[in-house]
>>> print(open('structure.pdb').read())   # PDB, C-alpha atoms, pLDDT in the B column
ATOM      1  CA  MET A1295      50.410  34.184 -12.024  1.00 50.00           C
ATOM      2  CA  ARG A1296      49.288  34.834  -8.442  1.00 47.00           C
ATOM      3  CA  THR A1297      46.127  36.468  -9.786  1.00 46.00           C
ATOM      4  CA  LEU A1298      45.361  33.427 -11.947  1.00 41.00           C
ATOM      5  CA  LEU A1299      45.875  31.099  -8.977  1.00 40.00           C
ATOM      6  CA  THR A1300      43.560  33.255  -6.864  1.00 41.00           C
ATOM      7  CA  ILE A1301      40.854  33.191  -9.545  1.00 41.00           C
ATOM      8  CA  ALA A1302      41.218  29.420  -9.894  1.00 42.00           C
ATOM      9  CA  ALA A1303      40.934  28.981  -6.140  1.00 42.00           C
ATOM     10  CA  LEU A1304      37.817  31.156  -6.036  1.00 38.00           C
ATOM     11  CA  ASN A1305      36.239  29.227  -8.905  1.00 48.00           C
ATOM     12  CA  THR A1306      36.975  25.926  -7.175  1.00 43.00           C
ATOM     13  CA  THR A1307      35.485  27.206  -3.921  1.00 40.00           C
ATOM     14  CA  LEU A1308      32.389  28.406  -5.752  1.00 37.00           C
ATOM     15  CA  LEU A1309      31.932  25.042  -7.479  1.00 40.00           C
ATOM     16  CA  LEU A1310      32.317  23.171  -4.190  1.00 42.00           C
ATOM     17  CA  PHE A1311      29.881  25.523  -2.483  1.00 41.00           C
ATOM     18  CA  THR A1312      27.334  25.091  -5.287  1.00 45.00           C
ATOM     19  CA  ALA A1313      27.663  21.296  -5.231  1.00 44.00           C
ATOM     20  CA  ALA A1314      27.355  21.201  -1.453  1.00 45.00           C
ATOM     21  CA  SER A1315      24.310  23.461  -1.521  1.00 48.00           C
ATOM     22  CA  ARG A1316      22.600  21.311  -4.110  1.00 46.00           C
ATOM     23  CA  ALA A1317      23.454  18.140  -2.192  1.00 47.00           C
ATOM     24  CA  ASP A1318      21.490  19.549   0.738  1.00 69.00           C
ATOM     25  CA  THR A1319      18.307  18.890  -1.266  1.00 94.00           C
ATOM     26  CA  PRO A1320      17.575  15.146  -1.272  1.00 97.00           C
ATOM     27  CA  CYS A1321      15.787  13.110  -3.935  1.00 97.00           C
ATOM     28  CA  ASP A1322      13.975  10.768  -1.568  1.00 97.00           C
ATOM     29  CA  PHE A1323      10.595  10.169   0.009  1.00 97.00           C
ATOM     30  CA  LYS A1324      10.792   8.412   3.385  1.00 96.00           C
ATOM     31  CA  GLY A1325      14.335   7.233   2.668  1.00 95.00           C
ATOM     32  CA  VAL A1326      13.692   5.809  -0.809  1.00 97.00           C
ATOM     33  CA  SER A1327      15.428   7.910  -3.472  1.00 97.00           C
ATOM     34  CA  VAL A1328      15.252   8.123  -7.229  1.00 97.00           C
ATOM     35  CA  GLY A1329      18.539   6.765  -8.533  1.00 96.00           C
ATOM     36  CA  ASP A1330      18.586   3.972  -5.950  1.00 96.00           C
ATOM     37  CA  LYS A1331      18.550   0.351  -7.125  1.00 96.00           C
ATOM     38  CA  MET A1332      16.081  -1.728  -5.134  1.00 95.00           C
ATOM     39  CA  SER A1333      14.078  -4.891  -5.625  1.00 94.00           C
ATOM     40  CA  ALA A1334      10.317  -4.794  -5.178  1.00 94.00           C
ATOM     41  CA  GLN A1335      10.717  -6.531  -1.826  1.00 95.00           C
ATOM     42  CA  GLN A1336      13.292  -4.015  -0.617  1.00 95.00           C
ATOM     43  CA  LEU A1337      11.092  -1.143  -1.770  1.00 96.00           C
ATOM     44  CA  MET A1338       7.975  -2.412  -0.046  1.00 96.00           C
ATOM     45  CA  THR A1339       9.920  -3.169   3.126  1.00 96.00           C
ATOM     46  CA  ALA A1340      11.325   0.367   3.121  1.00 96.00           C
ATOM     47  CA  TYR A1341       7.780   1.751   3.016  1.00 97.00           C
ATOM     48  CA  GLY A1342       6.579  -0.618   5.712  1.00 96.00           C
ATOM     49  CA  VAL A1343       4.299  -2.648   3.435  1.00 96.00           C
ATOM     50  CA  ALA A1344       4.284  -6.247   4.649  1.00 94.00           C
ATOM     51  CA  LYS A1345       1.673  -7.653   2.254  1.00 96.00           C
ATOM     52  CA  TYR A1346       1.612  -6.933  -1.452  1.00 97.00           C
ATOM     53  CA  LYS A1347       1.063  -8.741  -4.745  1.00 97.00           C
ATOM     54  CA  MET A1348       3.549  -9.390  -7.521  1.00 97.00           C
ATOM     55  CA  ASN A1349       2.249  -9.194 -11.083  1.00 95.00           C
ATOM     56  CA  PRO A1350      -1.413  -9.480 -10.104  1.00 95.00           C
ATOM     57  CA  LYS A1351      -4.043 -10.120 -12.750  1.00 93.00           C
ATOM     58  CA  LEU A1352      -5.663  -6.737 -13.255  1.00 93.00           C
ATOM     59  CA  PRO A1353      -9.162  -6.199 -14.637  1.00 92.00           C
ATOM     60  CA  SER A1354      -9.326  -6.066 -18.413  1.00 92.00           C
ATOM     61  CA  PHE A1355     -10.310  -2.931 -20.292  1.00 91.00           C
ATOM     62  CA  GLU A1356     -13.761  -4.394 -20.874  1.00 93.00           C
ATOM     63  CA  GLU A1357     -14.167  -5.122 -17.159  1.00 93.00           C
ATOM     64  CA  SER A1358     -13.056  -1.585 -16.281  1.00 93.00           C
ATOM     65  CA  LEU A1359     -15.153   0.100 -18.967  1.00 94.00           C
ATOM     66  CA  PRO A1360     -18.190   0.864 -16.740  1.00 93.00           C
ATOM     67  CA  ASP A1361     -15.978   2.758 -14.269  1.00 93.00           C
ATOM     68  CA  ILE A1362     -14.103   4.473 -17.106  1.00 93.00           C
ATOM     69  CA  GLN A1363     -17.347   5.705 -18.649  1.00 93.00           C
ATOM     70  CA  LYS A1364     -18.640   6.822 -15.254  1.00 92.00           C
ATOM     71  CA  TYR A1365     -15.548   8.394 -13.674  1.00 91.00           C
ATOM     72  CA  GLY A1366     -12.872   8.703 -16.376  1.00 91.00           C
ATOM     73  CA  VAL A1367      -9.712   6.704 -17.066  1.00 93.00           C
ATOM     74  CA  LEU A1368      -7.610   8.057 -14.178  1.00 91.00           C
ATOM     75  CA  ALA A1369     -10.286   7.693 -11.498  1.00 93.00           C
ATOM     76  CA  ALA A1370     -11.173   4.206 -12.753  1.00 94.00           C
ATOM     77  CA  GLY A1371      -7.517   3.193 -12.439  1.00 93.00           C
ATOM     78  CA  GLU A1372      -7.395   4.528  -8.884  1.00 94.00           C
ATOM     79  CA  ILE A1373     -10.522   2.583  -7.948  1.00 94.00           C
ATOM     80  CA  ARG A1374      -8.937  -0.546  -9.422  1.00 95.00           C
ATOM     81  CA  ASP A1375      -5.720  -0.016  -7.468  1.00 95.00           C
ATOM     82  CA  TRP A1376      -7.620   0.505  -4.204  1.00 95.00           C
ATOM     83  CA  ASN A1377      -9.438  -2.777  -4.791  1.00 94.00           C
ATOM     84  CA  VAL A1378      -6.264  -4.673  -5.726  1.00 96.00           C
ATOM     85  CA  GLY A1379      -4.150  -3.219  -2.906  1.00 97.00           C
ATOM     86  CA  PRO A1380      -0.366  -2.718  -2.946  1.00 98.00           C
ATOM     87  CA  TYR A1381       1.294  -4.464  -5.890  1.00 98.00           C
ATOM     88  CA  CYS A1382       4.356  -4.449  -8.128  1.00 97.00           C
ATOM     89  CA  ASP A1383       5.249  -5.550 -11.627  1.00 95.00           C
ATOM     90  CA  ASP A1384       8.443  -5.207 -13.653  1.00 91.00           C
ATOM     91  CA  LYS A1385       8.030  -1.446 -14.142  1.00 94.00           C
ATOM     92  CA  LEU A1386       6.300  -0.057 -11.061  1.00 96.00           C
ATOM     93  CA  CYS A1387       5.082  -0.466  -7.532  1.00 97.00           C
ATOM     94  CA  THR A1388       1.753   1.015  -6.460  1.00 97.00           C
ATOM     95  CA  ILE A1389       0.844   1.530  -2.805  1.00 98.00           C
ATOM     96  CA  PRO A1390      -2.692   2.951  -2.723  1.00 97.00           C
ATOM     97  CA  TRP A1391      -2.952   2.695   1.061  1.00 96.00           C
ATOM     98  CA  GLY A1392      -0.806   1.785   4.048  1.00 95.00           C
ATOM     99  CA  VAL A1393       1.669   4.719   4.032  1.00 97.00           C
ATOM    100  CA  SER A1394       1.208   7.884   6.096  1.00 96.00           C
ATOM    101  CA  ILE A1395       3.147  11.075   6.846  1.00 95.00           C
ATOM    102  CA  GLY A1396       3.257  13.823   9.449  1.00 92.00           C
ATOM    103  CA  ASN A1397       2.427  13.866  13.141  1.00 90.00           C
ATOM    104  CA  SER A1398      -1.216  13.153  12.410  1.00 89.00           C
ATOM    105  CA  ASP A1399      -0.474  10.183  10.107  1.00 94.00           C
ATOM    106  CA  MET A1400      -2.003  11.713   6.979  1.00 95.00           C
ATOM    107  CA  PRO A1401      -2.691   8.896   4.477  1.00 97.00           C
ATOM    108  CA  VAL A1402      -0.929   8.996   1.120  1.00 97.00           C
ATOM    109  CA  SER A1403      -0.822   6.879  -2.010  1.00 98.00           C
ATOM    110  CA  VAL A1404       2.601   6.162  -3.487  1.00 98.00           C
ATOM    111  CA  TYR A1405       3.562   5.248  -7.040  1.00 98.00           C
ATOM    112  CA  VAL A1406       7.159   4.249  -7.770  1.00 98.00           C
ATOM    113  CA  GLY A1407       8.420   3.743 -11.311  1.00 97.00           C
ATOM    114  CA  PHE A1408      11.684   1.981 -12.087  1.00 93.00           C
ATOM    115  CA  ARG A1409      13.810   0.604 -14.876  1.00 92.00           C
ATOM    116  CA  SER A1410      16.141  -2.365 -14.339  1.00 88.00           C
ATOM    117  CA  GLU A1411      15.490  -1.923 -10.584  1.00 88.00           C
ATOM    118  CA  GLN A1412      16.670   1.707 -10.678  1.00 95.00           C
ATOM    119  CA  ILE A1413      14.011   4.011  -9.285  1.00 97.00           C
ATOM    120  CA  THR A1414      13.133   6.689 -11.831  1.00 97.00           C
ATOM    121  CA  GLU A1415      10.064   8.362 -10.302  1.00 98.00           C
ATOM    122  CA  ILE A1416       8.204   8.684  -7.017  1.00 98.00           C
ATOM    123  CA  ASP A1417       4.681  10.174  -7.023  1.00 98.00           C
ATOM    124  CA  VAL A1418       2.977  10.840  -3.696  1.00 98.00           C
ATOM    125  CA  SER A1419      -0.735  11.719  -3.665  1.00 98.00           C
ATOM    126  CA  PHE A1420      -2.789  12.903  -0.693  1.00 97.00           C
ATOM    127  CA  GLY A1421      -6.122  14.542   0.033  1.00 97.00           C
ATOM    128  CA  GLN A1422      -6.136  18.216  -0.961  1.00 97.00           C
ATOM    129  CA  ILE A1423      -7.487  19.109   2.493  1.00 96.00           C
ATOM    130  CA  TYR A1424      -3.981  18.370   3.821  1.00 96.00           C
ATOM    131  CA  TRP A1425      -2.160  20.721   1.397  1.00 97.00           C
ATOM    132  CA  ASN A1426      -1.516  23.508   3.922  1.00 96.00           C
ATOM    133  CA  GLU A1427      -0.449  20.984   6.548  1.00 95.00           C
ATOM    134  CA  ILE A1428       2.041  19.290   4.235  1.00 95.00           C
ATOM    135  CA  LEU A1429       3.654  22.448   2.824  1.00 96.00           C
ATOM    136  CA  PRO A1430       5.865  22.961   5.921  1.00 96.00           C
ATOM    137  CA  LEU A1431       7.017  19.333   5.609  1.00 96.00           C
ATOM    138  CA  LEU A1432       8.072  19.950   1.998  1.00 96.00           C
ATOM    139  CA  ASP A1433       9.888  23.148   2.981  1.00 96.00           C
ATOM    140  CA  LYS A1434      11.686  21.449   5.853  1.00 95.00           C
ATOM    141  CA  LYS A1435      12.904  18.486   3.801  1.00 96.00           C
ATOM    142  CA  TYR A1436      13.554  20.031   0.389  1.00 96.00           C
ATOM    143  CA  GLY A1437      14.099  23.679   1.309  1.00 94.00           C
ATOM    144  CA  ARG A1438      12.080  26.755   0.361  1.00 93.00           C
ATOM    145  CA  ASN A1439      13.678  27.214  -3.020  1.00 95.00           C
ATOM    146  CA  TRP A1440      10.405  26.943  -4.946  1.00 97.00           C
ATOM    147  CA  LYS A1441       9.208  28.730  -8.057  1.00 97.00           C
ATOM    148  CA  VAL A1442       5.506  29.304  -7.344  1.00 97.00           C
ATOM    149  CA  GLU A1443       2.969  29.421 -10.164  1.00 97.00           C
ATOM    150  CA  ARG A1444      -0.713  30.238  -9.610  1.00 97.00           C
ATOM    151  CA  ASP A1445      -3.740  29.720 -11.813  1.00 96.00           C
ATOM    152  CA  ALA A1446      -6.772  31.333 -10.200  1.00 95.00           C
ATOM    153  CA  ASP A1447      -9.448  29.894 -12.462  1.00 94.00           C
ATOM    154  CA  VAL A1448      -9.006  26.136 -12.807  1.00 96.00           C
ATOM    155  CA  VAL A1449     -12.308  24.348 -13.461  1.00 97.00           C
ATOM    156  CA  LEU A1450     -12.611  20.964 -11.709  1.00 96.00           C
ATOM    157  CA  THR A1451     -15.269  18.626 -13.108  1.00 96.00           C
ATOM    158  CA  ASP A1452     -17.004  15.585 -11.672  1.00 95.00           C
ATOM    159  CA  LEU A1453     -17.507  13.405 -14.757  1.00 92.00           C
ATOM    160  CA  GLU A1454     -20.219  11.410 -12.990  1.00 92.00           C
ATOM    161  CA  THR A1455     -22.485  14.286 -11.912  1.00 94.00           C
ATOM    162  CA  LYS A1456     -21.123  17.032 -14.243  1.00 93.00           C
ATOM    163  CA  LYS A1457     -20.702  19.215 -11.158  1.00 95.00           C
ATOM    164  CA  ARG A1458     -18.035  21.907 -11.539  1.00 96.00           C
ATOM    165  CA  LEU A1459     -15.900  23.841  -9.114  1.00 95.00           C
ATOM    166  CA  VAL A1460     -13.537  26.746  -9.799  1.00 97.00           C
ATOM    167  CA  ALA A1461     -10.379  26.676  -7.675  1.00 97.00           C
ATOM    168  CA  GLU A1462      -6.888  28.181  -7.570  1.00 97.00           C
ATOM    169  CA  ARG A1463      -4.178  25.758  -8.608  1.00 97.00           C
ATOM    170  CA  ILE A1464      -0.769  26.291  -7.012  1.00 98.00           C
ATOM    171  CA  THR A1465       2.274  24.597  -8.517  1.00 98.00           C
ATOM    172  CA  LEU A1466       5.678  24.490  -6.828  1.00 98.00           C
ATOM    173  CA  ASN A1467       8.759  23.710  -8.916  1.00 98.00           C
ATOM    174  CA  HIS A1468      12.020  23.289  -7.026  1.00 97.00           C
ATOM    175  CA  ARG A1469      14.503  25.687  -8.579  1.00 96.00           C
ATOM    176  CA  SER A1470      17.700  23.689  -8.080  1.00 94.00           C
ATOM    177  CA  GLY A1471      16.377  20.142  -7.923  1.00 96.00           C
ATOM    178  CA  GLY A1472      18.101  17.571  -5.753  1.00 96.00           C
ATOM    179  CA  VAL A1473      20.915  15.032  -5.588  1.00 95.00           C
ATOM    180  CA  ASN A1474      21.007  11.405  -4.500  1.00 95.00           C
ATOM    181  CA  ALA A1475      23.836  11.478  -1.957  1.00 93.00           C
ATOM    182  CA  LYS A1476      24.831   7.859  -2.680  1.00 93.00           C
ATOM    183  CA  THR A1477      24.684   7.684  -6.482  1.00 94.00           C
ATOM    184  CA  ARG A1478      25.062  11.407  -7.346  1.00 93.00           C
ATOM    185  CA  ASP A1479      22.043  11.140  -9.622  1.00 95.00           C
ATOM    186  CA  THR A1480      20.030  14.338  -9.852  1.00 96.00           C
ATOM    187  CA  CYS A1481      16.278  14.855  -9.679  1.00 97.00           C
ATOM    188  CA  GLN A1482      13.474  17.280 -10.385  1.00 97.00           C
ATOM    189  CA  ILE A1483      10.942  17.994  -7.627  1.00 98.00           C
ATOM    190  CA  TRP A1484       7.539  19.591  -7.958  1.00 98.00           C
ATOM    191  CA  ALA A1485       4.183  19.685  -6.178  1.00 98.00           C
ATOM    192  CA  THR A1486       0.656  20.900  -6.863  1.00 98.00           C
ATOM    193  CA  ASN A1487      -2.451  21.330  -4.748  1.00 98.00           C
ATOM    194  CA  TYR A1488      -4.779  20.012  -7.502  1.00 97.00           C
ATOM    195  CA  ASP A1489      -3.231  17.252  -9.582  1.00 96.00           C
ATOM    196  CA  VAL A1490      -5.864  16.955 -12.336  1.00 95.00           C
ATOM    197  CA  ILE A1491      -9.002  18.788 -13.440  1.00 94.00           C
ATOM    198  CA  PHE A1492     -11.341  15.872 -12.697  1.00 95.00           C
ATOM    199  CA  TYR A1493     -12.763  14.657  -9.412  1.00 96.00           C
ATOM    200  CA  HIS A1494     -11.291  11.535  -7.855  1.00 95.00           C
ATOM    201  CA  HIS A1495     -13.400   8.708  -6.456  1.00 95.00           C
ATOM    202  CA  ASP A1496     -11.214   6.967  -3.899  1.00 94.00           C
ATOM    203  CA  ALA A1497     -10.668   7.155  -0.147  1.00 94.00           C
ATOM    204  CA  LEU A1498      -8.245  10.096  -0.399  1.00 96.00           C
ATOM    205  CA  GLY A1499     -11.151  12.330  -1.325  1.00 96.00           C
ATOM    206  CA  PRO A1500     -12.529  14.086  -4.420  1.00 96.00           C
ATOM    207  CA  PHE A1501      -9.455  16.322  -4.800  1.00 97.00           C
ATOM    208  CA  HIS A1502      -5.842  15.175  -4.655  1.00 98.00           C
ATOM    209  CA  SER A1503      -2.642  17.090  -4.113  1.00 98.00           C
ATOM    210  CA  GLN A1504       0.576  15.532  -5.326  1.00 98.00           C
ATOM    211  CA  PHE A1505       4.311  15.884  -5.173  1.00 97.00           C
ATOM    212  CA  VAL A1506       6.689  14.224  -7.591  1.00 98.00           C
ATOM    213  CA  ILE A1507      10.380  13.358  -7.527  1.00 98.00           C
ATOM    214  CA  LYS A1508      11.733  12.440 -10.948  1.00 98.00           C
ATOM    215  CA  LEU A1509      15.170  11.190 -11.966  1.00 97.00           C
ATOM    216  CA  VAL A1510      17.067  13.327 -14.456  1.00 95.00           C
ATOM    217  CA  SER A1511      18.131  10.827 -17.084  1.00 84.00           C
ATOM    218  CA  LYS A1512      21.769  10.408 -18.101  1.00 79.00           C
ATOM    219  CA  ASN A1513      20.672   8.900 -21.424  1.00 73.00           C
ATOM    220  CA  PHE A1514      21.121  12.020 -23.532  1.00 66.00           C
TER     221      PHE A1514
END
>>> encode(input="structure.pdb", output="structure tokens")
Amino acid sequence: MRTLLTIAALNTTLLLFTAASRADTPCDFKGVSVGDKMSAQQLMTAYGVAKYKMNPKLPSFEESLPDIQKYGVLAAGEIRDWNVGPYCDDKLCTIPWGVSIGNSDMPVSVYVGFRSEQITEIDVSFGQIYWNEILPLLDKKYGRNWKVERDADVVLTDLETKKRLVAERITLNHRSGGVNAKTRDTCQIWATNYDVIFYHHDALGPFHSQFVIKLVSKNF
């Protein structure tokens, strides 16, 4: 009986230790966490964005077609967002400029997806030239528990000029993920030094790095 009680106590301690360790990894970017419920106004205020649009009229596909043919769908969408500025609709908020990180105020673009005001995803993009500067910030906030994957021969293409560049893509996947301390929702966290294989055409530069925080759904 005493042995069973000892084993039970050890198992309980181990579970508490594991939960506490996981809780040390947050699911937020600048205080906004996946799993939180926030209105668009609360979200923009949290990120320090004073002026933004709600449900703006975006260019039609036909109006965007010249940029799509020239730069590709993703780059054309980024150009559109830079021209529109920060905005929200019923499914997302996009902040192409106005948010910065680090001691040197490195500019980032932020995309936040949500469902019924619950934040489900936070994507943060920044110029690839800042990758090495931002890595220590990721380690400090989310810990060094990363699974590192490397692809030495990724071909990056400028769809406008057909110029190509071969680079090493590094992808970091957080092994344990994180926990929203308030809601107990869990999240996946990953980052990469080259987000896509095509050049970008916005103010962040031709190459973007990105890190993503994504809510683990309970709808299963």
>>> atom_distance(input="structure.pdb", atom1="atom CA of A:Tyr1365", atom2="atom CA of A:Met1348")
26.8 Å
>>> resolve_selection(input="structure.pdb", expression="the PyMOL selection byres ((chain A and resi 1408-1418) around 6)", output="ChimeraX atom specification")
/A:1328-1333,1385-1386,1403-1407,1419,1504-1509
>>> atom_distance(input="structure.pdb", atom1="atom CA of A:Thr1339", atom2="atom CA of A:Ser1327")
14.0 Å
>>> resolve_selection(input="structure.pdb", expression="the PyMOL selection byres ((chain A and resi 1510-1513) around 8)", output="list in words")
Asp1479, Thr1480, Cys1481, Gln1482, Lys1508, Leu1509 and Phe1514 of chain A
>>> atom_distance(input="structure.pdb", atom1="atom CA of A:Leu1453", atom2="atom CA of A:Gln1363")
8.6 Å
